[in-house]
$ cat query-v7.cif   # mmCIF, C-alpha atoms and all ligand atoms
data_model
#
loop_
_atom_site.group_PDB
_atom_site.id
_atom_site.type_symbol
_atom_site.label_atom_id
_atom_site.label_comp_id
_atom_site.auth_asym_id
_atom_site.auth_seq_id
_atom_site.Cartn_x
_atom_site.Cartn_y
_atom_site.Cartn_z
ATOM 1 C CA MET A 24 176.814 150.667 72.997
ATOM 2 C CA ASN A 25 179.844 149.458 74.893
ATOM 3 C CA LEU A 26 178.212 146.843 77.109
ATOM 4 C CA ASN A 27 179.777 145.007 79.994
ATOM 5 C CA ILE A 28 178.048 142.455 82.244
ATOM 6 C CA ARG A 29 179.330 142.055 85.807
ATOM 7 C CA LYS A 30 178.170 140.968 89.239
ATOM 8 C CA ALA A 31 176.122 143.539 91.179
ATOM 9 C CA ARG A 32 177.698 145.331 94.139
ATOM 10 C CA PRO A 33 175.920 146.839 97.179
ATOM 11 C CA LYS A 34 176.543 150.371 95.947
ATOM 12 C CA ASP A 35 174.638 149.634 92.688
ATOM 13 C CA MET A 36 171.321 149.271 94.495
ATOM 14 C CA ASP A 37 170.303 152.959 94.287
ATOM 15 C CA ARG A 38 170.605 152.841 90.499
ATOM 16 C CA VAL A 39 168.909 149.411 90.286
ATOM 17 C CA TYR A 40 165.995 150.827 92.243
ATOM 18 C CA GLU A 41 165.733 153.826 89.881
ATOM 19 C CA ILE A 42 165.433 151.467 86.911
ATOM 20 C CA GLU A 43 162.901 149.357 88.843
ATOM 21 C CA GLN A 44 160.679 152.393 89.308
ATOM 22 C CA GLU A 45 160.612 153.247 85.609
ATOM 23 C CA SER A 46 160.170 149.594 84.587
ATOM 24 C CA PHE A 47 157.335 148.320 86.793
ATOM 25 C CA PRO A 48 154.050 149.736 88.082
ATOM 26 C CA PRO A 49 154.011 150.429 91.845
ATOM 27 C CA GLU A 50 152.016 147.258 92.648
ATOM 28 C CA GLU A 51 154.709 145.084 91.006
ATOM 29 C CA ALA A 52 157.837 147.071 91.889
ATOM 30 C CA ALA A 53 160.202 145.716 94.529
ATOM 31 C CA THR A 54 161.574 148.001 97.233
ATOM 32 C CA LYS A 55 165.214 149.013 97.424
ATOM 33 C CA GLU A 56 165.479 146.968 100.642
ATOM 34 C CA LYS A 57 164.490 143.838 98.717
ATOM 35 C CA TYR A 58 167.224 144.423 96.152
ATOM 36 C CA ILE A 59 169.756 145.021 98.954
ATOM 37 C CA TRP A 60 168.664 141.733 100.588
ATOM 38 C CA ARG A 61 168.849 139.781 97.326
ATOM 39 C CA GLN A 62 172.328 141.100 96.493
ATOM 40 C CA GLU A 63 173.547 140.173 100.003
ATOM 41 C CA HIS A 64 172.067 136.666 99.876
ATOM 42 C CA TYR A 65 172.584 135.697 96.205
ATOM 43 C CA PRO A 66 175.605 137.750 95.029
ATOM 44 C CA GLU A 67 176.552 135.263 92.295
ATOM 45 C CA LEU A 68 173.096 135.496 90.732
ATOM 46 C CA PHE A 69 172.651 139.266 90.473
ATOM 47 C CA LEU A 70 174.170 140.759 87.334
ATOM 48 C CA ILE A 71 174.429 144.324 86.082
ATOM 49 C CA ALA A 72 174.668 145.619 82.493
ATOM 50 C CA GLU A 73 176.822 148.716 82.091
ATOM 51 C CA ASP A 74 177.170 150.880 79.001
ATOM 52 C CA SER A 75 180.553 152.590 79.281
ATOM 53 C CA GLY A 76 180.198 152.490 83.071
ATOM 54 C CA HIS A 77 176.554 153.627 83.138
ATOM 55 C CA ILE A 78 174.226 151.022 84.704
ATOM 56 C CA CYS A 79 171.452 150.386 82.175
ATOM 57 C CA GLY A 80 169.924 147.067 83.258
ATOM 58 C CA CYS A 81 170.108 144.050 85.500
ATOM 59 C CA ILE A 82 169.035 140.462 86.019
ATOM 60 C CA CYS A 83 168.294 139.448 89.608
ATOM 61 C CA MET A 84 167.960 135.752 90.432
ATOM 62 C CA ILE A 85 167.844 133.536 93.506
ATOM 63 C CA SER A 86 168.124 129.787 94.144
ATOM 64 C CA MET A 87 165.235 127.761 95.563
ATOM 65 C CA ASP A 88 164.031 124.187 95.962
ATOM 66 C CA ALA A 89 160.579 124.649 94.372
ATOM 67 C CA SER A 90 160.415 123.835 90.660
ATOM 68 C CA LEU A 91 158.295 126.895 89.791
ATOM 69 C CA ILE A 92 157.958 130.425 91.147
ATOM 70 C CA ASN A 93 155.378 131.219 93.789
ATOM 71 C CA ASP A 94 154.946 134.533 95.560
ATOM 72 C CA ASP A 95 157.192 133.550 98.505
ATOM 73 C CA VAL A 96 160.210 134.387 96.339
ATOM 74 C CA PHE A 97 159.264 138.065 96.256
ATOM 75 C CA GLU A 98 159.581 138.385 100.049
ATOM 76 C CA THR A 99 162.786 138.708 102.027
ATOM 77 C CA ASP A 100 162.183 135.775 104.374
ATOM 78 C CA PRO A 101 164.658 132.972 103.688
ATOM 79 C CA ILE A 102 163.244 130.260 101.419
ATOM 80 C CA PRO A 103 164.504 126.662 101.173
ATOM 81 C CA ASP A 104 167.600 126.549 98.993
ATOM 82 C CA GLY A 105 167.849 124.185 96.048
ATOM 83 C CA LYS A 106 168.887 123.682 92.440
ATOM 84 C CA THR A 107 166.249 125.816 90.738
ATOM 85 C CA CYS A 108 167.357 129.284 89.693
ATOM 86 C CA ALA A 109 164.429 131.737 89.792
ATOM 87 C CA VAL A 110 164.690 134.900 87.706
ATOM 88 C CA LEU A 111 162.973 137.608 89.774
ATOM 89 C CA THR A 112 163.781 140.619 87.602
ATOM 90 C CA VAL A 113 165.047 141.358 84.117
ATOM 91 C CA MET A 114 164.931 145.038 83.238
ATOM 92 C CA THR A 115 166.555 147.623 81.008
ATOM 93 C CA GLU A 116 166.334 151.371 81.528
ATOM 94 C CA ALA A 117 163.753 152.873 79.163
ATOM 95 C CA ALA A 118 166.339 154.788 77.102
ATOM 96 C CA ALA A 119 168.377 151.633 76.348
ATOM 97 C CA ARG A 120 165.625 149.211 75.318
ATOM 98 C CA ARG A 121 165.515 147.260 72.030
ATOM 99 C CA LYS A 122 169.284 147.181 71.749
ATOM 100 C CA GLY A 123 169.875 143.708 73.098
ATOM 101 C CA VAL A 124 170.694 144.600 76.724
ATOM 102 C CA ALA A 125 168.172 142.180 78.255
ATOM 103 C CA GLY A 126 169.230 139.518 75.768
ATOM 104 C CA LEU A 127 172.841 139.768 76.965
ATOM 105 C CA LEU A 128 171.701 139.729 80.600
ATOM 106 C CA LEU A 129 169.605 136.599 80.013
ATOM 107 C CA GLU A 130 172.479 134.789 78.327
ATOM 108 C CA ALA A 131 174.844 135.789 81.156
ATOM 109 C CA GLY A 132 172.208 134.837 83.751
ATOM 110 C CA ILE A 133 171.760 131.382 82.240
ATOM 111 C CA ASP A 134 175.559 130.915 82.251
ATOM 112 C CA ALA A 135 175.773 132.065 85.892
ATOM 113 C CA ALA A 136 173.001 129.667 86.946
ATOM 114 C CA ARG A 137 174.779 126.797 85.197
ATOM 115 C CA SER A 138 178.097 127.763 86.842
ATOM 116 C CA GLN A 139 176.386 127.696 90.237
ATOM 117 C CA GLY A 140 175.318 124.089 89.616
ATOM 118 C CA MET A 141 171.610 124.830 89.131
ATOM 119 C CA ASP A 142 169.499 122.141 87.432
ATOM 120 C CA SER A 143 166.993 124.515 85.882
ATOM 121 C CA ILE A 144 166.176 128.180 85.451
ATOM 122 C CA VAL A 145 162.614 129.474 85.714
ATOM 123 C CA LEU A 146 160.795 132.766 85.392
ATOM 124 C CA THR A 147 157.312 134.241 85.244
ATOM 125 C CA CYS A 148 156.293 136.761 82.629
ATOM 126 C CA LYS A 149 153.268 138.393 81.102
ATOM 127 C CA GLU A 150 151.826 136.892 77.946
ATOM 128 C CA HIS A 151 153.379 139.445 75.575
ATOM 129 C CA LEU A 152 156.909 138.410 76.637
ATOM 130 C CA VAL A 153 156.469 134.631 76.235
ATOM 131 C CA HIS A 154 157.804 134.733 72.653
ATOM 132 C CA TYR A 155 160.778 136.857 73.756
ATOM 133 C CA TYR A 156 161.951 134.452 76.492
ATOM 134 C CA SER A 157 161.378 131.440 74.242
ATOM 135 C CA ARG A 158 164.220 132.795 72.071
ATOM 136 C CA PHE A 159 166.560 132.123 74.989
ATOM 137 C CA GLY A 160 165.477 128.519 75.485
ATOM 138 C CA PHE A 161 162.629 128.974 77.980
ATOM 139 C CA GLU A 162 159.483 126.895 77.451
ATOM 140 C CA LYS A 163 156.027 128.010 78.508
ATOM 141 C CA VAL A 164 154.429 125.806 81.182
ATOM 142 C CA GLY A 165 151.104 127.634 81.678
ATOM 143 C CA VAL A 166 149.501 130.159 83.994
ATOM 144 C CA SER A 167 151.586 130.634 87.126
ATOM 145 C CA ALA A 168 150.488 130.257 90.736
ATOM 146 C CA SER A 169 151.989 133.714 91.208
ATOM 147 C CA VAL A 170 149.524 136.573 91.385
ATOM 148 C CA HIS A 171 152.258 139.125 92.026
ATOM 149 C CA GLY A 172 150.879 142.667 91.740
ATOM 150 C CA GLY A 173 147.447 141.278 90.848
ATOM 151 C CA ALA A 174 148.531 140.302 87.295
ATOM 152 C CA VAL A 175 148.306 137.033 85.321
ATOM 153 C CA TRP A 176 151.778 135.506 84.909
ATOM 154 C CA TYR A 177 153.043 132.592 82.823
ATOM 155 C CA ASP A 178 155.610 130.105 84.085
ATOM 156 C CA MET A 179 158.563 129.473 81.795
ATOM 157 C CA THR A 180 161.303 126.913 82.469
ATOM 158 C CA GLN A 181 164.565 125.714 81.006
ATOM 159 C CA LYS A 182 166.675 122.692 81.977
ATOM 160 C CA LEU A 183 170.354 123.491 82.406
HETATM 161 C C1 LIG A 201 161.325 143.441 78.633
HETATM 162 C C2 LIG A 201 162.651 144.182 78.683
HETATM 163 C C3 LIG A 201 163.486 143.646 79.854
HETATM 164 C C4 LIG A 201 163.414 143.952 77.389
HETATM 165 O O1 LIG A 201 164.662 144.635 77.502
HETATM 166 P P1 LIG A 201 165.521 145.037 76.220
HETATM 167 O O2 LIG A 201 166.895 145.350 76.683
HETATM 168 O O3 LIG A 201 164.803 146.069 75.434
HETATM 169 O O4 LIG A 201 165.511 143.638 75.432
HETATM 170 P P2 LIG A 201 166.184 143.288 74.033
HETATM 171 O O5 LIG A 201 166.770 144.525 73.423
HETATM 172 O O6 LIG A 201 167.042 142.094 74.244
HETATM 173 O O7 LIG A 201 164.915 142.813 73.204
HETATM 174 C C5 LIG A 201 163.745 143.608 73.122
HETATM 175 C C6 LIG A 201 163.303 143.719 71.712
HETATM 176 O O8 LIG A 201 164.269 144.451 71.001
HETATM 177 C C7 LIG A 201 164.702 143.677 69.880
HETATM 178 N N1 LIG A 201 166.109 143.962 69.686
HETATM 179 C C8 LIG A 201 167.161 143.401 70.307
HETATM 180 N N2 LIG A 201 168.317 143.930 69.848
HETATM 181 C C9 LIG A 201 167.960 144.884 68.954
HETATM 182 C C10 LIG A 201 168.687 145.783 68.173
HETATM 183 N N3 LIG A 201 170.029 145.838 68.199
HETATM 184 N N4 LIG A 201 168.003 146.651 67.385
HETATM 185 C C11 LIG A 201 166.642 146.633 67.349
HETATM 186 N N5 LIG A 201 165.893 145.769 68.074
HETATM 187 C C12 LIG A 201 166.549 144.916 68.864
HETATM 188 C C13 LIG A 201 164.465 142.259 70.278
HETATM 189 O O9 LIG A 201 164.387 141.416 69.135
HETATM 190 C C14 LIG A 201 163.173 142.371 71.010
HETATM 191 O O10 LIG A 201 162.134 142.499 70.042
HETATM 192 P P3 LIG A 201 160.633 142.044 70.313
HETATM 193 O O11 LIG A 201 160.062 143.109 71.216
HETATM 194 O O12 LIG A 201 160.023 142.050 68.975
HETATM 195 O O13 LIG A 201 160.685 140.706 70.971
HETATM 196 C C15 LIG A 201 162.447 145.730 78.821
HETATM 197 O O14 LIG A 201 161.480 146.148 77.872
HETATM 198 C C16 LIG A 201 161.994 146.149 80.208
HETATM 199 O O15 LIG A 201 162.807 146.402 81.085
HETATM 200 N N6 LIG A 201 160.673 146.245 80.416
HETATM 201 C C17 LIG A 201 160.093 146.647 81.691
HETATM 202 C C18 LIG A 201 160.324 145.605 82.747
HETATM 203 C C19 LIG A 201 159.793 144.235 82.337
HETATM 204 O O16 LIG A 201 158.654 144.093 81.884
HETATM 205 N N7 LIG A 201 160.643 143.216 82.509
HETATM 206 C C20 LIG A 201 160.285 141.853 82.231
HETATM 207 C C21 LIG A 201 159.621 141.256 83.401
HETATM 208 S S1 LIG A 201 159.130 139.573 83.085
#
$ encode --input "query-v7.cif" --output "structure tokens" --more "lines below"
Ligand SMILES: CC(C)(COP(=O)(O)OP(=O)(O)OC[C@H]1O[C@@H](n2cnc3c(N)ncnc32)[C@H](O)[C@@H]1OP(=O)(O)O)[C@@H](O)C(=O)NCCC(=O)NCCS
Amino acid sequence: MNLNIRKARPKDMDRVYEIEQESFPPEEAATKEKYIWRQEHYPELFLIAEDSGHICGCICMISMDASLINDDVFETDPIPDGKTCAVLTVMTEAAARRKGVAGLLLEAGIDAARSQGMDSIVLTCKEHLVHYYSRFGFEKVGVSASVHGGAVWYDMTQKL
């Protein structure tokens, strides 16, 4: 692979949405409009992975004042801004998984959050990914208040 990480641009959103659809079940998947809104509002915190120019993954984050994720972050209404960086999506196209793409995106996302002056970075994940995110410095807090898509999520946090 010839991977490059860069900030997302508006014209990337069609491809981001394609990857979203193959990565999440319909009840968890965000709409294209949500990705467009997030890129407009948090352009420094939305990163794309490209393999020789082909978009193969992304990390989409926002800033907020709450210390942990709740389901408000998945809407497009403005939420109070603050020093917590919330990771809303990490995903890699199915054909490019298990090659380190998400790992690179997470490292770049943590760097971007630090550069933006965030105090901490937080995410929610399913139980089977807790060990994966712990490799990147995230610590499990417990079951999240989020019931996004009707699933059980775990809060993970990292001080920056
Ligand atoms: C979860 C997800 C983002 C991981 O993306 P990825 O690009 O495959 O991630 P990585 O390649 O960094 O790591 C995945 C696995 O591949 C392994 N790996 C990394 N580089 C590798 C390489 N060069 N060769 C073989 N394996 C490798 C990692 O060790 C990890 O192993 P594990 O499953 O035993 O923990 C991806 O599976 C995905 O998009 N899933 C659907 C959406 C989703 O669930 N997102 C997370 C929401 S919380």
$ residues_around --input "query-v7.cif" --residues "segment 25-30 of chain A" --least-positions-apart "3" --cutoff "8 Å" --atoms "only C-alpha atoms" --output "ChimeraX atom specification"
/A:66-75,124,127-128,131
$ resolve_selection --input "query-v7.cif" --expression "the PyMOL selection byres (((not hetatm)) within 8 of (chain A and resi 201))" --output "list of chain:residue names"
A:Glu43, A:Glu45, A:Ser46, A:Phe47, A:Gly80, A:Leu111, A:Thr112, A:Val113, A:Met114, A:Thr115, A:Glu116, A:Ala117, A:Ala119, A:Arg120, A:Arg121, A:Lys122, A:Gly123, A:Val124, A:Ala125, A:Gly126, A:Leu127, A:Leu146, A:Thr147, A:Cys148, A:Lys149, A:Leu152, A:His154, A:Tyr155
$ resolve_selection --input "query-v7.cif" --expression "the PyMOL selection byres (((chain A and resi 180) around 10) and not hetatm)" --output "number ranges by chain"
A: 90-92, 107-109, 143-147, 156-157, 160-164, 178-179, 181-183
$ write_last_selection --input "query-v7.cif" --atoms "C-alpha atoms" --output "PDB file, in the frame of the given file"
ATOM      1  CA  SER A  90     160.415 123.835  90.660  1.00  0.00           C
ATOM      2  CA  LEU A  91     158.295 126.895  89.791  1.00  0.00           C
ATOM      3  CA  ILE A  92     157.958 130.425  91.147  1.00  0.00           C
ATOM      4  CA  THR A 107     166.249 125.816  90.738  1.00  0.00           C
ATOM      5  CA  CYS A 108     167.357 129.284  89.693  1.00  0.00           C
ATOM      6  CA  ALA A 109     164.429 131.737  89.792  1.00  0.00           C
ATOM      7  CA  SER A 143     166.993 124.515  85.882  1.00  0.00           C
ATOM      8  CA  ILE A 144     166.176 128.180  85.451  1.00  0.00           C
ATOM      9  CA  VAL A 145     162.614 129.474  85.714  1.00  0.00           C
ATOM     10  CA  LEU A 146     160.795 132.766  85.392  1.00  0.00           C
ATOM     11  CA  THR A 147     157.312 134.241  85.244  1.00  0.00           C
ATOM     12  CA  TYR A 156     161.951 134.452  76.492  1.00  0.00           C
ATOM     13  CA  SER A 157     161.378 131.440  74.242  1.00  0.00           C
ATOM     14  CA  GLY A 160     165.477 128.519  75.485  1.00  0.00           C
ATOM     15  CA  PHE A 161     162.629 128.974  77.980  1.00  0.00           C
ATOM     16  CA  GLU A 162     159.483 126.895  77.451  1.00  0.00           C
ATOM     17  CA  LYS A 163     156.027 128.010  78.508  1.00  0.00           C
ATOM     18  CA  VAL A 164     154.429 125.806  81.182  1.00  0.00           C
ATOM     19  CA  ASP A 178     155.610 130.105  84.085  1.00  0.00           C
ATOM     20  CA  MET A 179     158.563 129.473  81.795  1.00  0.00           C
ATOM     21  CA  GLN A 181     164.565 125.714  81.006  1.00  0.00           C
ATOM     22  CA  LYS A 182     166.675 122.692  81.977  1.00  0.00           C
ATOM     23  CA  LEU A 183     170.354 123.491  82.406  1.00  0.00           C
TER      24      LEU A 183
END
$ resolve_selection --input "query-v7.cif" --expression "the PyMOL selection byres (((chain A and resi 48-60) around 9) and not hetatm)" --output "short mmCIF file (atom, residue, chain, number, x, y, z; two decimals) with C-alpha atoms, in the coordinates of the input"
data_model
loop_
_atom_site.label_atom_id
_atom_site.label_comp_id
_atom_site.auth_asym_id
_atom_site.auth_seq_id
_atom_site.Cartn_x
_atom_site.Cartn_y
_atom_site.Cartn_z
CA PRO A 33 175.92 146.84 97.18
CA MET A 36 171.32 149.27 94.50
CA ASP A 37 170.30 152.96 94.29
CA VAL A 39 168.91 149.41 90.29
CA TYR A 40 166.00 150.83 92.24
CA GLU A 41 165.73 153.83 89.88
CA GLU A 43 162.90 149.36 88.84
CA GLN A 44 160.68 152.39 89.31
CA GLU A 45 160.61 153.25 85.61
CA SER A 46 160.17 149.59 84.59
CA PHE A 47 157.34 148.32 86.79
CA ARG A 61 168.85 139.78 97.33
CA GLN A 62 172.33 141.10 96.49
CA GLU A 63 173.55 140.17 100.00
CA HIS A 64 172.07 136.67 99.88
CA TYR A 65 172.58 135.70 96.20
CA CYS A 83 168.29 139.45 89.61
CA PHE A 97 159.26 138.06 96.26
CA GLU A 98 159.58 138.38 100.05
CA THR A 99 162.79 138.71 102.03
CA HIS A 171 152.26 139.12 92.03
CA GLY A 172 150.88 142.67 91.74
CA GLY A 173 147.45 141.28 90.85
CA ALA A 174 148.53 140.30 87.30
#
$ residues_around --input "query-v7.cif" --residues "Arg38 of chain A" --least-positions-apart "4" --cutoff "9 Å" --atoms "only C-alpha atoms" --output "list in words"
Lys34, Ile42, Glu43, Ile78 and Cys79 of chain A
$ atom_distance --input "query-v7.cif" --atom1 "atom CA of Ala168 of chain A" --atom2 "atom CA of Asn93 of chain A"
5.8 Å
$ atom_distance --input "query-v7.cif" --atom1 "atom CA of Val153 of chain A" --atom2 "atom CA of Met24 of chain A"
26.1 Å
$ closest_residue --input "query-v7.cif" --among "A:Asp94, A:Asp100, A:Lys106, A:Ala136" --to "Trp176 of chain A" --atoms "all atoms listed in the file"
A:Asp94
$ atom_distance --input "query-v7.cif" --atom1 "atom CA of Gly132 of chain A" --atom2 "atom CA of Met84 of chain A"
8.0 Å
$ axis_aligned_box --input "query-v7.cif" --around "segment 123-132 of chain A" --padding-each-side "4 Å" --output "lines of an AutoDock Vina configuration file"
center_x = 171.5
center_y = 139.7
center_z = 78.4
size_x = 14.7
size_y = 17.8
size_z = 18.7
$ closest_residue --input "query-v7.cif" --among "A:Phe159, A:Glu130, A:Ser167, A:Ile102" --to "Ile82 of chain A" --atoms "only C-alpha atoms"
A:Glu130
$ build_atoms --input "query-v7.cif" --residues "segment 128-161 of chain A" --atoms "N, CA and C atoms" --output "PDB file, keeping the file's coordinate frame"
ATOM      1  N   LEU A 128     171.878 140.057  79.179  1.00  0.00           N
ATOM      2  CA  LEU A 128     171.701 139.729  80.600  1.00  0.00           C
ATOM      3  C   LEU A 128     171.137 138.317  80.760  1.00  0.00           C
ATOM      4  N   LEU A 129     170.185 137.953  79.911  1.00  0.00           N
ATOM      5  CA  LEU A 129     169.605 136.599  80.013  1.00  0.00           C
ATOM      6  C   LEU A 129     170.657 135.539  79.701  1.00  0.00           C
ATOM      7  N   GLU A 130     171.441 135.778  78.656  1.00  0.00           N
ATOM      8  CA  GLU A 130     172.479 134.789  78.327  1.00  0.00           C
ATOM      9  C   GLU A 130     173.488 134.667  79.482  1.00  0.00           C
ATOM     10  N   ALA A 131     173.884 135.815  80.030  1.00  0.00           N
ATOM     11  CA  ALA A 131     174.844 135.789  81.156  1.00  0.00           C
ATOM     12  C   ALA A 131     174.203 135.153  82.392  1.00  0.00           C
ATOM     13  N   GLY A 132     172.908 135.417  82.598  1.00  0.00           N
ATOM     14  CA  GLY A 132     172.208 134.837  83.751  1.00  0.00           C
ATOM     15  C   GLY A 132     172.118 133.321  83.642  1.00  0.00           C
ATOM     16  N   ILE A 133     171.828 132.836  82.446  1.00  0.00           N
ATOM     17  CA  ILE A 133     171.760 131.382  82.240  1.00  0.00           C
ATOM     18  C   ILE A 133     173.145 130.760  82.499  1.00  0.00           C
ATOM     19  N   ASP A 134     174.188 131.407  82.005  1.00  0.00           N
ATOM     20  CA  ASP A 134     175.559 130.915  82.251  1.00  0.00           C
ATOM     21  C   ASP A 134     175.881 130.901  83.746  1.00  0.00           C
ATOM     22  N   ALA A 135     175.481 131.978  84.447  1.00  0.00           N
ATOM     23  CA  ALA A 135     175.773 132.065  85.892  1.00  0.00           C
ATOM     24  C   ALA A 135     175.035 130.960  86.641  1.00  0.00           C
ATOM     25  N   ALA A 136     173.778 130.717  86.270  1.00  0.00           N
ATOM     26  CA  ALA A 136     173.001 129.667  86.946  1.00  0.00           C
ATOM     27  C   ALA A 136     173.658 128.307  86.727  1.00  0.00           C
ATOM     28  N   ARG A 137     174.105 128.076  85.497  1.00  0.00           N
ATOM     29  CA  ARG A 137     174.779 126.797  85.197  1.00  0.00           C
ATOM     30  C   ARG A 137     176.076 126.690  86.016  1.00  0.00           C
ATOM     31  N   SER A 138     176.832 127.781  86.077  1.00  0.00           N
ATOM     32  CA  SER A 138     178.097 127.763  86.842  1.00  0.00           C
ATOM     33  C   SER A 138     177.865 127.508  88.326  1.00  0.00           C
ATOM     34  N   GLN A 139     176.711 127.911  88.821  1.00  0.00           N
ATOM     35  CA  GLN A 139     176.386 127.696  90.237  1.00  0.00           C
ATOM     36  C   GLN A 139     175.804 126.306  90.483  1.00  0.00           C
ATOM     37  N   GLY A 140     175.773 125.470  89.437  1.00  0.00           N
ATOM     38  CA  GLY A 140     175.318 124.089  89.616  1.00  0.00           C
ATOM     39  C   GLY A 140     173.808 123.931  89.655  1.00  0.00           C
ATOM     40  N   MET A 141     173.075 124.942  89.152  1.00  0.00           N
ATOM     41  CA  MET A 141     171.610 124.830  89.131  1.00  0.00           C
ATOM     42  C   MET A 141     171.168 123.794  88.088  1.00  0.00           C
ATOM     43  N   ASP A 142     170.050 123.124  88.380  1.00  0.00           N
ATOM     44  CA  ASP A 142     169.499 122.141  87.432  1.00  0.00           C
ATOM     45  C   ASP A 142     168.579 122.771  86.402  1.00  0.00           C
ATOM     46  N   SER A 143     167.914 123.863  86.813  1.00  0.00           N
ATOM     47  CA  SER A 143     166.993 124.515  85.882  1.00  0.00           C
ATOM     48  C   SER A 143     166.901 125.992  86.219  1.00  0.00           C
ATOM     49  N   ILE A 144     166.386 126.743  85.246  1.00  0.00           N
ATOM     50  CA  ILE A 144     166.176 128.180  85.451  1.00  0.00           C
ATOM     51  C   ILE A 144     164.722 128.463  85.070  1.00  0.00           C
ATOM     52  N   VAL A 145     164.045 129.241  85.908  1.00  0.00           N
ATOM     53  CA  VAL A 145     162.614 129.474  85.714  1.00  0.00           C
ATOM     54  C   VAL A 145     162.314 130.963  85.864  1.00  0.00           C
ATOM     55  N   LEU A 146     161.233 131.382  85.227  1.00  0.00           N
ATOM     56  CA  LEU A 146     160.795 132.766  85.392  1.00  0.00           C
ATOM     57  C   LEU A 146     159.290 132.822  85.218  1.00  0.00           C
ATOM     58  N   THR A 147     158.714 133.963  85.573  1.00  0.00           N
ATOM     59  CA  THR A 147     157.312 134.241  85.244  1.00  0.00           C
ATOM     60  C   THR A 147     157.294 135.513  84.423  1.00  0.00           C
ATOM     61  N   CYS A 148     156.397 135.553  83.451  1.00  0.00           N
ATOM     62  CA  CYS A 148     156.293 136.761  82.629  1.00  0.00           C
ATOM     63  C   CYS A 148     154.857 136.940  82.172  1.00  0.00           C
ATOM     64  N   LYS A 149     154.581 138.137  81.681  1.00  0.00           N
ATOM     65  CA  LYS A 149     153.268 138.393  81.102  1.00  0.00           C
ATOM     66  C   LYS A 149     153.231 137.796  79.699  1.00  0.00           C
ATOM     67  N   GLU A 150     152.011 137.626  79.210  1.00  0.00           N
ATOM     68  CA  GLU A 150     151.826 136.892  77.946  1.00  0.00           C
ATOM     69  C   GLU A 150     152.637 137.496  76.797  1.00  0.00           C
ATOM     70  N   HIS A 151     152.722 138.825  76.741  1.00  0.00           N
ATOM     71  CA  HIS A 151     153.379 139.445  75.575  1.00  0.00           C
ATOM     72  C   HIS A 151     154.885 139.179  75.530  1.00  0.00           C
ATOM     73  N   LEU A 152     155.459 138.684  76.645  1.00  0.00           N
ATOM     74  CA  LEU A 152     156.909 138.410  76.637  1.00  0.00           C
ATOM     75  C   LEU A 152     157.232 136.924  76.480  1.00  0.00           C
ATOM     76  N   VAL A 153     156.205 136.077  76.364  1.00  0.00           N
ATOM     77  CA  VAL A 153     156.469 134.631  76.235  1.00  0.00           C
ATOM     78  C   VAL A 153     157.351 134.357  75.008  1.00  0.00           C
ATOM     79  N   HIS A 154     157.023 134.992  73.882  1.00  0.00           N
ATOM     80  CA  HIS A 154     157.804 134.733  72.653  1.00  0.00           C
ATOM     81  C   HIS A 154     159.243 135.206  72.823  1.00  0.00           C
ATOM     82  N   TYR A 155     159.429 136.312  73.562  1.00  0.00           N
ATOM     83  CA  TYR A 155     160.778 136.857  73.756  1.00  0.00           C
ATOM     84  C   TYR A 155     161.648 135.866  74.528  1.00  0.00           C
ATOM     85  N   TYR A 156     161.143 135.367  75.675  1.00  0.00           N
ATOM     86  CA  TYR A 156     161.951 134.452  76.492  1.00  0.00           C
ATOM     87  C   TYR A 156     162.144 133.105  75.796  1.00  0.00           C
ATOM     88  N   SER A 157     161.210 132.735  74.930  1.00  0.00           N
ATOM     89  CA  SER A 157     161.378 131.440  74.242  1.00  0.00           C
ATOM     90  C   SER A 157     162.606 131.472  73.331  1.00  0.00           C
ATOM     91  N   ARG A 158     162.993 132.666  72.885  1.00  0.00           N
ATOM     92  CA  ARG A 158     164.220 132.795  72.071  1.00  0.00           C
ATOM     93  C   ARG A 158     165.468 132.383  72.843  1.00  0.00           C
ATOM     94  N   PHE A 159     165.391 132.436  74.152  1.00  0.00           N
ATOM     95  CA  PHE A 159     166.560 132.123  74.989  1.00  0.00           C
ATOM     96  C   PHE A 159     166.454 130.727  75.597  1.00  0.00           C
ATOM     97  N   GLY A 160     165.548 129.926  75.063  1.00  0.00           N
ATOM     98  CA  GLY A 160     165.477 128.519  75.485  1.00  0.00           C
ATOM     99  C   GLY A 160     164.437 128.215  76.544  1.00  0.00           C
ATOM    100  N   PHE A 161     163.670 129.221  76.973  1.00  0.00           N
ATOM    101  CA  PHE A 161     162.629 128.974  77.980  1.00  0.00           C
ATOM    102  C   PHE A 161     161.379 128.407  77.298  1.00  0.00           C
TER     103      PHE A 161
END
